[in-house]
file model_17.tsv (TSV, C-alpha atoms and all ligand atoms)
chain	number	residue	atom	x	y	z
A	1	MET	CA	-3.39	20.43	-10.70
A	2	THR	CA	-4.11	17.48	-12.97
A	3	ASP	CA	-7.65	17.11	-14.14
A	4	LEU	CA	-9.00	14.16	-16.00
A	5	LEU	CA	-8.83	16.13	-19.22
A	6	SER	CA	-5.07	16.34	-19.06
A	7	ILE	CA	-4.55	12.60	-19.00
A	8	ALA	CA	-2.94	11.40	-22.21
A	9	PRO	CA	-2.95	9.49	-24.42
A	10	ARG	CA	-6.57	8.38	-24.21
A	11	ASP	CA	-9.46	10.24	-25.67
A	12	LYS	CA	-10.35	13.00	-23.21
A	13	ALA	CA	-14.09	13.19	-23.75
A	14	GLU	CA	-14.29	9.44	-23.43
A	15	ILE	CA	-12.47	9.50	-20.09
A	16	LEU	CA	-14.73	12.22	-18.70
A	17	ALA	CA	-17.85	10.44	-19.86
A	18	GLN	CA	-16.62	7.31	-18.15
A	19	ALA	CA	-15.60	9.08	-14.96
A	20	LEU	CA	-18.87	10.81	-14.08
A	21	PRO	CA	-20.80	7.70	-13.02
A	22	TYR	CA	-17.84	6.59	-10.90
A	23	ILE	CA	-17.56	10.02	-9.27
A	24	ARG	CA	-21.25	9.74	-8.30
A	25	LYS	CA	-20.95	6.11	-7.21
A	26	PHE	CA	-17.92	6.65	-4.99
A	27	HIS	CA	-18.97	9.97	-3.47
A	28	GLY	CA	-18.19	9.91	0.27
A	29	LYS	CA	-16.49	6.50	0.02
A	30	THR	CA	-13.09	5.69	1.49
A	31	MET	CA	-10.34	4.60	-0.88
A	32	VAL	CA	-7.23	3.14	0.75
A	33	ILE	CA	-4.24	3.60	-1.52
A	34	LYS	CA	-1.00	1.76	-0.80
A	35	TYR	CA	1.88	3.62	-2.41
A	36	GLY	CA	4.75	1.14	-2.62
A	37	GLY	CA	8.36	2.21	-2.31
A	38	ASN	CA	9.09	0.62	-5.66
A	39	ALA	CA	6.45	2.74	-7.37
A	40	MET	CA	7.85	6.05	-6.11
A	41	THR	CA	11.22	6.17	-7.78
A	42	ASP	CA	10.50	8.87	-10.40
A	43	PRO	CA	9.80	12.47	-9.19
A	44	ALA	CA	7.40	13.16	-12.09
A	45	LEU	CA	5.37	10.06	-11.26
A	46	GLN	CA	5.31	11.05	-7.59
A	47	ALA	CA	3.92	14.46	-8.49
A	48	ASP	CA	1.27	12.82	-10.71
A	49	PHE	CA	0.34	10.49	-7.86
A	50	ALA	CA	-0.07	13.41	-5.44
A	51	GLU	CA	-2.25	15.29	-7.92
A	52	ASP	CA	-4.44	12.25	-8.46
A	53	VAL	CA	-4.95	11.85	-4.70
A	54	VAL	CA	-6.02	15.51	-4.48
A	55	LEU	CA	-8.39	15.07	-7.41
A	56	LEU	CA	-10.11	12.14	-5.69
A	57	LYS	CA	-10.58	14.30	-2.60
A	58	LEU	CA	-11.90	17.21	-4.66
A	59	VAL	CA	-14.58	15.08	-6.30
A	60	GLY	CA	-15.82	13.93	-2.89
A	61	MET	CA	-14.02	10.68	-2.09
A	62	ASN	CA	-11.92	10.02	1.01
A	63	PRO	CA	-8.46	8.88	-0.06
A	64	VAL	CA	-6.24	7.45	2.69
A	65	VAL	CA	-2.62	6.88	1.70
A	66	VAL	CA	-0.47	4.18	3.30
A	67	HIS	CA	3.08	4.38	2.05
A	68	GLY	CA	5.95	1.91	1.86
A	69	GLY	CA	9.62	2.63	1.35
A	70	GLY	CA	11.48	-0.67	1.18
A	71	PRO	CA	14.08	0.53	-1.39
A	72	GLN	CA	14.54	3.84	0.47
A	73	ILE	CA	15.21	1.93	3.75
A	74	GLU	CA	17.66	-0.29	1.87
A	75	THR	CA	19.62	2.76	0.60
A	76	ALA	CA	19.86	4.18	4.14
A	77	LEU	CA	21.00	0.82	5.55
A	78	ASN	CA	23.64	0.50	2.84
A	79	ARG	CA	25.02	3.91	3.81
A	80	LEU	CA	25.55	2.51	7.31
A	81	GLY	CA	27.28	-0.55	5.86
A	82	LYS	CA	24.26	-2.79	6.50
A	83	LYS	CA	22.34	-4.96	4.07
A	84	GLY	CA	18.67	-5.82	4.45
A	85	GLU	CA	17.62	-9.43	4.90
A	86	PHE	CA	14.10	-10.58	4.07
A	87	ILE	CA	12.24	-13.71	5.13
A	88	GLN	CA	8.93	-14.41	3.38
A	89	GLY	CA	8.70	-10.77	2.29
A	90	MET	CA	9.43	-9.30	5.74
A	91	ARG	CA	12.57	-7.35	6.63
A	92	VAL	CA	14.48	-8.87	9.54
A	93	THR	CA	14.49	-5.87	11.89
A	94	ASP	CA	17.11	-5.56	14.65
A	95	ALA	CA	17.17	-2.50	16.94
A	96	GLU	CA	19.44	-0.46	14.65
A	97	THR	CA	17.38	-1.34	11.57
A	98	MET	CA	14.23	-0.29	13.46
A	99	GLU	CA	15.75	3.16	14.04
A	100	VAL	CA	16.55	3.48	10.34
A	101	VAL	CA	13.05	2.30	9.37
A	102	GLU	CA	11.38	4.93	11.58
A	103	TRP	CA	13.66	7.68	10.41
A	104	VAL	CA	13.32	6.86	6.70
A	105	LEU	CA	9.56	6.15	6.68
A	106	ALA	CA	8.27	8.82	9.08
A	107	GLY	CA	11.01	11.40	8.58
A	108	GLU	CA	11.65	11.16	4.88
A	109	VAL	CA	9.21	9.25	2.71
A	110	GLN	CA	6.02	10.31	4.52
A	111	GLN	CA	7.04	13.96	4.61
A	112	ASP	CA	7.92	13.93	0.90
A	113	ILE	CA	4.44	12.62	0.08
A	114	VAL	CA	2.76	15.12	2.43
A	115	GLY	CA	4.69	17.94	0.75
A	116	LEU	CA	3.74	16.81	-2.75
A	117	ILE	CA	0.05	16.47	-1.89
A	118	ASN	CA	0.02	19.91	-0.31
A	119	GLN	CA	1.83	21.35	-3.32
A	120	ALA	CA	-0.90	19.86	-5.52
A	121	GLY	CA	-3.54	21.76	-3.54
A	122	GLY	CA	-4.51	19.17	-0.91
A	123	LYS	CA	-4.22	19.20	2.88
A	124	ALA	CA	-2.20	16.13	3.81
A	125	VAL	CA	-1.33	15.12	7.36
A	126	GLY	CA	1.41	12.58	8.05
A	127	LEU	CA	0.86	9.98	10.77
A	128	THR	CA	2.55	6.87	12.05
A	129	GLY	CA	0.66	4.10	13.80
A	130	ARG	CA	1.57	5.78	17.10
A	131	ASP	CA	-0.51	8.87	16.34
A	132	GLY	CA	-3.90	8.73	18.00
A	133	GLY	CA	-2.93	5.27	19.28
A	134	MET	CA	-3.82	3.96	15.83
A	135	ILE	CA	-1.82	0.74	15.30
A	136	ARG	CA	-1.20	-1.59	18.23
A	137	ALA	CA	1.20	-4.39	17.40
A	138	GLN	CA	3.10	-7.31	18.84
A	139	LYS	CA	6.14	-9.25	17.70
A	140	LEU	CA	5.32	-11.31	14.65
A	141	LYS	CA	5.65	-15.07	15.08
A	142	MET	CA	6.74	-16.13	11.63
A	143	VAL	CA	6.12	-19.74	10.76
A	144	ASP	CA	7.99	-21.10	7.73
A	145	ASN	CA	5.56	-21.38	4.84
A	146	LYS	CA	7.01	-24.71	3.69
A	147	ASN	CA	7.72	-26.30	7.07
A	148	PRO	CA	5.36	-25.22	9.87
A	149	ALA	CA	7.69	-26.75	12.47
A	150	ILE	CA	10.22	-23.96	11.77
A	151	GLU	CA	9.73	-20.50	13.29
A	152	HIS	CA	11.84	-17.56	12.08
A	153	ASP	CA	12.93	-14.73	14.38
A	154	VAL	CA	12.43	-11.55	12.36
A	155	GLY	CA	13.16	-9.14	15.24
A	156	GLN	CA	10.94	-6.08	15.60
A	157	VAL	CA	8.55	-6.95	12.79
A	158	GLY	CA	5.04	-6.23	13.94
A	159	ASP	CA	1.86	-8.23	13.77
A	160	ILE	CA	-1.17	-5.95	14.02
A	161	VAL	CA	-3.17	-6.47	17.22
A	162	SER	CA	-5.74	-3.75	16.52
A	163	ILE	CA	-6.31	-0.56	14.55
A	164	ASP	CA	-8.16	2.36	16.07
A	165	PRO	CA	-9.22	4.42	13.05
A	166	SER	CA	-10.61	7.39	14.99
A	167	VAL	CA	-7.72	9.73	14.14
A	168	VAL	CA	-8.11	8.90	10.43
A	169	LYS	CA	-11.85	9.52	10.57
A	170	ALA	CA	-11.39	12.83	12.38
A	171	LEU	CA	-8.95	14.00	9.71
A	172	GLN	CA	-11.23	12.89	6.90
A	173	ASP	CA	-14.13	14.79	8.42
A	174	ASP	CA	-12.01	17.92	8.36
A	175	ALA	CA	-11.04	17.48	4.69
A	176	PHE	CA	-7.49	16.37	5.43
A	177	ILE	CA	-5.79	13.55	3.56
A	178	PRO	CA	-4.07	11.11	5.96
A	179	VAL	CA	-0.66	9.78	4.88
A	180	ILE	CA	0.28	6.85	7.10
A	181	SER	CA	3.68	5.25	7.79
A	182	PRO	CA	3.48	1.53	8.63
A	183	ILE	CA	4.90	1.71	12.16
A	184	GLY	CA	3.09	0.24	15.16
A	185	PHE	CA	3.62	0.35	18.91
A	186	GLY	CA	3.60	-2.43	21.48
A	187	GLU	CA	2.50	-2.90	25.10
A	188	ASN	CA	5.71	-1.35	26.40
A	189	ASN	CA	5.67	1.46	23.84
A	190	GLU	CA	8.26	-0.37	21.71
A	191	SER	CA	8.22	0.28	17.96
A	192	TYR	CA	7.32	-2.28	15.33
A	193	ASN	CA	8.15	-2.35	11.64
A	194	ILE	CA	5.04	-3.55	9.81
A	195	ASN	CA	4.86	-4.37	6.13
A	196	ALA	CA	2.98	-1.51	4.45
A	197	ASP	CA	0.74	-3.86	2.43
A	198	VAL	CA	-0.41	-5.47	5.66
A	199	VAL	CA	-1.23	-2.07	7.22
A	200	ALA	CA	-3.09	-0.89	4.10
A	201	SER	CA	-5.14	-4.09	3.94
A	202	LYS	CA	-6.11	-4.06	7.61
A	203	LEU	CA	-6.89	-0.34	7.52
A	204	ALA	CA	-9.12	-0.83	4.47
A	205	GLU	CA	-11.00	-3.49	6.42
A	206	VAL	CA	-11.36	-1.40	9.60
A	207	LEU	CA	-12.41	1.73	7.68
A	208	LYS	CA	-14.88	-0.35	5.63
A	209	ALA	CA	-13.25	1.08	2.53
A	210	GLU	CA	-14.89	0.80	-0.85
A	211	LYS	CA	-11.59	0.02	-2.52
A	212	LEU	CA	-8.04	-0.96	-1.73
A	213	VAL	CA	-5.56	-0.09	-4.49
A	214	LEU	CA	-1.99	-1.35	-4.12
A	215	LEU	CA	0.49	0.46	-6.38
A	216	THR	CA	3.64	-1.48	-7.11
A	217	ASN	CA	6.32	-1.99	-9.76
A	218	THR	CA	4.84	-4.80	-11.82
A	219	PRO	CA	1.82	-4.79	-14.16
A	220	GLY	CA	0.05	-6.88	-11.49
A	221	VAL	CA	0.45	-10.49	-10.41
A	222	LEU	CA	2.25	-12.50	-13.09
A	223	ASP	CA	2.21	-16.22	-13.77
A	224	LYS	CA	5.41	-18.25	-14.21
A	225	ALA	CA	5.59	-17.27	-17.91
A	226	GLY	CA	5.30	-13.58	-17.05
A	227	ASN	CA	1.68	-13.18	-18.19
A	228	LEU	CA	-0.62	-10.88	-16.24
A	229	LEU	CA	-3.26	-12.62	-14.12
A	230	THR	CA	-6.18	-10.20	-14.23
A	231	ASP	CA	-8.38	-11.96	-11.69
A	232	LEU	CA	-7.43	-14.05	-8.68
A	233	THR	CA	-9.66	-15.96	-6.29
A	234	ALA	CA	-8.70	-17.46	-2.93
A	235	ARG	CA	-8.37	-20.94	-4.43
A	236	ARG	CA	-6.09	-19.84	-7.26
A	237	ILE	CA	-3.98	-17.84	-4.80
A	238	ASP	CA	-3.43	-20.98	-2.69
A	239	GLU	CA	-2.18	-22.76	-5.82
A	240	LEU	CA	0.16	-19.88	-6.72
A	241	PHE	CA	1.57	-19.82	-3.16
A	242	ALA	CA	2.07	-23.59	-3.24
A	243	ASP	CA	3.85	-23.73	-6.60
A	244	GLY	CA	6.12	-20.76	-5.82
A	245	THR	CA	4.70	-18.38	-8.45
A	246	ILE	CA	4.19	-15.77	-5.75
A	247	SER	CA	7.30	-14.90	-3.75
A	248	GLY	CA	9.13	-12.10	-1.92
A	249	GLY	CA	7.25	-8.82	-1.49
A	250	MET	CA	4.26	-10.23	-3.36
A	251	LEU	CA	3.55	-12.69	-0.50
A	252	PRO	CA	2.35	-10.16	2.14
A	253	LYS	CA	0.72	-8.09	-0.60
A	254	ILE	CA	-1.51	-10.92	-1.82
A	255	ALA	CA	-2.18	-12.29	1.66
A	256	GLY	CA	-3.27	-8.84	2.86
A	257	ALA	CA	-5.28	-8.15	-0.29
A	258	LEU	CA	-7.14	-11.43	0.10
A	259	ASP	CA	-7.88	-10.75	3.77
A	260	ALA	CA	-9.32	-7.34	2.83
A	261	ALA	CA	-11.49	-8.88	0.09
A	262	LYS	CA	-12.75	-11.55	2.49
A	263	ALA	CA	-13.49	-8.88	5.11
A	264	GLY	CA	-15.82	-7.09	2.72
A	265	VAL	CA	-13.72	-4.47	0.92
A	266	ASN	CA	-15.63	-4.32	-2.35
A	267	ALA	CA	-12.73	-4.08	-4.76
A	268	VAL	CA	-9.06	-4.91	-4.23
A	269	HIS	CA	-6.59	-4.16	-7.04
A	270	ILE	CA	-2.85	-4.57	-7.48
A	271	ILE	CA	-1.74	-2.18	-10.20
A	272	ASP	CA	1.38	-0.78	-11.85
A	273	GLY	CA	2.35	2.47	-10.13
A	274	ARG	CA	4.93	3.16	-12.84
A	275	VAL	CA	2.15	3.91	-15.33
A	276	PRO	CA	1.21	7.61	-15.14
A	277	HIS	CA	-2.23	8.12	-13.49
A	278	ALA	CA	-2.76	4.35	-13.11
A	279	MET	CA	-4.61	4.80	-9.82
A	280	LEU	CA	-6.93	7.48	-11.14
A	281	LEU	CA	-7.74	5.53	-14.27
A	282	GLU	CA	-8.40	2.40	-12.21
A	283	ILE	CA	-10.87	4.20	-9.94
A	284	LEU	CA	-12.57	6.47	-12.45
A	285	THR	CA	-12.80	4.47	-15.67
A	286	GLU	CA	-14.36	1.15	-16.56
A	287	GLN	CA	-11.15	-0.27	-17.89
A	288	ALA	CA	-9.61	-2.97	-15.71
A	289	TYR	CA	-5.96	-2.54	-14.72
A	290	GLY	CA	-3.60	-4.99	-13.07
A	291	THR	CA	-4.89	-7.83	-10.92
A	292	MET	CA	-8.18	-7.88	-9.06
A	293	ILE	CA	-8.27	-10.03	-5.92
A	294	ARG	CA	-11.59	-11.70	-5.09
A	295	SER	CA	-12.59	-13.67	-2.03
A	296	HIS	CA	-14.32	-16.35	-4.13
B	301	LIG	N1	3.96	-13.64	-9.21
B	301	LIG	C1	4.48	-12.40	-9.10
B	301	LIG	N2	4.02	-11.41	-9.91
B	301	LIG	C2	4.53	-10.16	-9.82
B	301	LIG	N3	5.53	-9.80	-8.94
B	301	LIG	C3	6.02	-10.76	-8.11
B	301	LIG	C4	5.51	-12.09	-8.15
B	301	LIG	N4	6.18	-12.81	-7.21
B	301	LIG	C5	7.05	-11.98	-6.62
B	301	LIG	N5	6.97	-10.74	-7.14
B	301	LIG	C6	7.81	-9.61	-6.72
B	301	LIG	O1	7.05	-8.75	-5.89
B	301	LIG	C7	7.53	-7.42	-6.10
B	301	LIG	C8	6.53	-6.39	-5.56
B	301	LIG	O2	6.55	-6.38	-4.15
B	301	LIG	P1	7.49	-5.34	-3.35
B	301	LIG	O3	8.89	-5.45	-3.82
B	301	LIG	O4	7.24	-5.55	-1.90
B	301	LIG	O5	6.94	-3.94	-3.86
B	301	LIG	P2	6.24	-2.72	-3.14
B	301	LIG	O6	7.35	-1.80	-2.74
B	301	LIG	O7	5.37	-2.15	-4.19
B	301	LIG	O8	5.44	-3.27	-1.96
B	301	LIG	C9	7.74	-7.38	-7.59
B	301	LIG	O9	8.62	-6.35	-7.99
B	301	LIG	C10	8.32	-8.77	-7.89
B	301	LIG	O10	9.72	-8.74	-7.80
B	302	LIG	C1	8.38	-5.77	7.91
B	302	LIG	C2	8.75	-5.07	6.63
B	302	LIG	O1	9.19	-5.72	5.69
B	302	LIG	N1	8.53	-3.76	6.58
B	302	LIG	C3	8.83	-2.96	5.43
B	302	LIG	C4	8.17	-1.60	5.59
B	302	LIG	C5	8.20	-0.77	4.35
B	302	LIG	C6	7.40	-1.40	3.21
B	302	LIG	O2	6.54	-2.24	3.38
B	302	LIG	O3	7.75	-0.88	1.99
B	302	LIG	P1	7.28	-1.38	0.55
B	302	LIG	O4	5.81	-1.29	0.52
B	302	LIG	O5	7.93	-0.39	-0.36
B	302	LIG	O6	7.78	-2.78	0.33
B	302	LIG	C7	10.37	-2.80	5.24
B	302	LIG	O7	11.09	-2.70	6.23
B	302	LIG	O8	10.80	-2.72	4.08
call {"tool": "encode", "arguments": {"input": "model_17.tsv", "output": "structure tokens", "more": "lines below"}}
Ligand SMILES: Nc1ncnc2c1ncn2[C@@H]1O[C@H](COP(=O)(O)OP(=O)(O)O)[C@@H](O)[C@H]1O
Ligand SMILES: CC(=O)N[C@@H](CCC(=O)OP(=O)(O)O)C(=O)O
result
Amino acid sequence: MTDLLSIAPRDKAEILAQALPYIRKFHGKTMVIKYGGNAMTDPALQADFAEDVVLLKLVGMNPVVVHGGGPQIETALNRLGKKGEFIQGMRVTDAETMEVVEWVLAGEVQQDIVGLINQAGGKAVGLTGRDGGMIRAQKLKMVDNKNPAIEHDVGQVGDIVSIDPSVVKALQDDAFIPVISPIGFGENNESYNINADVVASKLAEVLKAEKLVLLTNTPGVLDKAGNLLTDLTARRIDELFADGTISGGMLPKIAGALDAAKAGVNAVHIIDGRVPHAMLLEILTEQAYGTMIRSH
């Protein structure tokens, strides 16, 4: 079990002194943590992540993990001779791809994370959006972000209709740590593949989370020259969308993050999940990491 004292290379006493006020401040608060597929490539980092989630729970917070798995889905598709296609950060999902997505996310990635959290001393429970009727979805109508007259057919990609958080709340009350795969269900019980950033953002809003932390594989949002943008407001985000600075998987991430900030989630951060203990240090120390998204 990792404790704050074992975090190198910073001064240990300094970290503890910094952490105590945050532990008090965030006691009983919900923290939604999006664990991106690109941040989970190294087994040692995955184990660190699981230990950090357990530590948050032990000090009295309510971590809720939403996981991705884009690269893991891609590997499985490649094995079947298929190649993923993305439009505006969303995977075009035909029926066969949907089967692979469900099998990889719910069967593989989610269960790996549940196992690691339990190994670290926590009590994790894996869920998809079907469990407890949590995530109702419908087919996403995707309008081209440069030409609104064009609509793309992205297959079984889901647009969230509603989230019923009661199953998450029940688990939290019983000291479990929910680990959620971004899969929704439709009116006819059909499955939908939903971008994990979108699920994490909406869930943070519905749960009235204190924080939303999105762990990815960049230091945060970068400008065209590769410099880290530490703070982004809605206006600046519009400019970065318009001039093409933000593209691919960063599009749904930023859009979701901004929605969560506007909906009242106090702090929304995009941070580098490849840095050991990045999430813990972001939540429990005063140092700013990555990019903070603000509504204004
Ligand atoms: N302005 C930007 N700053 C940082 N990353 C960006 C930017 N625009 C696009 N990206 C891309 O977004 C990726 C992160 O999104 P994504 O691949 O969906 O990761 P995750 O699996 O963490 O959700 C980065 O690896 C990078 O390739
Ligand atoms: C619609 C859509 O794009 N769904 C994603 C779901 C997984 C995900 O979001 O994974 P990351 O967070 O690792 O990118 C996909 O199929 O890749």
call {"tool": "atom_distance", "arguments": {"input": "model_17.tsv", "atom1": "atom CA of Gly68 of chain A", "atom2": "atom CA of His269 of chain A"}}
result
16.5 Å
call {"tool": "closest_residue", "arguments": {"input": "model_17.tsv", "among": "A:Ile135, A:Met90, A:Ala175, A:Leu56", "to": "ligand LIG 301 (chain B)", "atoms": "all atoms listed in the file"}}
result
A:Met90
call {"tool": "closest_residue", "arguments": {"input": "model_17.tsv", "among": "A:Met98, A:Ala200, A:Ala263, A:Val54", "to": "ligand LIG 301 (chain B)", "atoms": "all atoms listed in the file"}}
result
A:Ala200
call {"tool": "axis_aligned_box", "arguments": {"input": "model_17.tsv", "around": "segment 71-77 of chain A", "padding_each_side": "6 Å", "output": "JSON"}}
result
{"center_x": 17.5, "center_y": 1.9, "center_z": 2.1, "size_x": 18.9, "size_y": 16.5, "size_z": 18.9}
call {"tool": "closest_residue", "arguments": {"input": "model_17.tsv", "among": "A:Ile113, A:Ile23, A:Ala120, A:Ile293", "to": "Asn266 of chain A", "atoms": "all atoms listed in the file"}}
result
A:Ile293
call {"tool": "closest_atom_pairs", "arguments": {"input": "model_17.tsv", "of": "chain A", "to": "ligand LIG 301 (chain B)", "cutoff": "8 Å", "atoms": "only C-alpha atoms and all ligand atoms", "output": "CSV"}}
result
residue,atom,partner,partner_atom,distance
A:Tyr35,CA,B:LIG301,O7,7.0
A:Gly36,CA,B:LIG301,O7,3.7
A:Gly37,CA,B:LIG301,O6,4.2
A:Asn38,CA,B:LIG301,O6,4.2
A:Ala39,CA,B:LIG301,O7,5.9
A:Gly68,CA,B:LIG301,O6,6.1
A:Gly69,CA,B:LIG301,O6,6.4
A:Gly70,CA,B:LIG301,O6,5.8
A:Pro71,CA,B:LIG301,O6,7.2
A:Gly89,CA,B:LIG301,O4,6.9
A:Ala196,CA,B:LIG301,O8,7.1
A:Asp197,CA,B:LIG301,O8,6.5
A:Leu214,CA,B:LIG301,O7,7.4
A:Leu215,CA,B:LIG301,O7,6.0
A:Thr216,CA,B:LIG301,O7,3.5
A:Asn217,CA,B:LIG301,O9,5.2
A:Thr218,CA,B:LIG301,O9,5.6
A:Pro219,CA,B:LIG301,C2,7.4
A:Gly220,CA,B:LIG301,C2,5.8
A:Val221,CA,B:LIG301,N2,3.7
A:Leu222,CA,B:LIG301,N2,3.8
A:Asp223,CA,B:LIG301,N1,5.5
A:Lys224,CA,B:LIG301,N1,7.0
A:Gly226,CA,B:LIG301,N2,7.6
A:Leu228,CA,B:LIG301,N2,7.9
A:Leu240,CA,B:LIG301,N1,7.7
A:Thr245,CA,B:LIG301,N1,4.9
A:Ile246,CA,B:LIG301,N4,3.9
A:Ser247,CA,B:LIG301,C5,4.1
A:Gly248,CA,B:LIG301,C5,5.1
A:Gly249,CA,B:LIG301,O4,3.3
A:Met250,CA,B:LIG301,O1,4.0
A:Leu251,CA,B:LIG301,C5,7.1
A:Pro252,CA,B:LIG301,O4,7.8
A:Lys253,CA,B:LIG301,O8,6.9
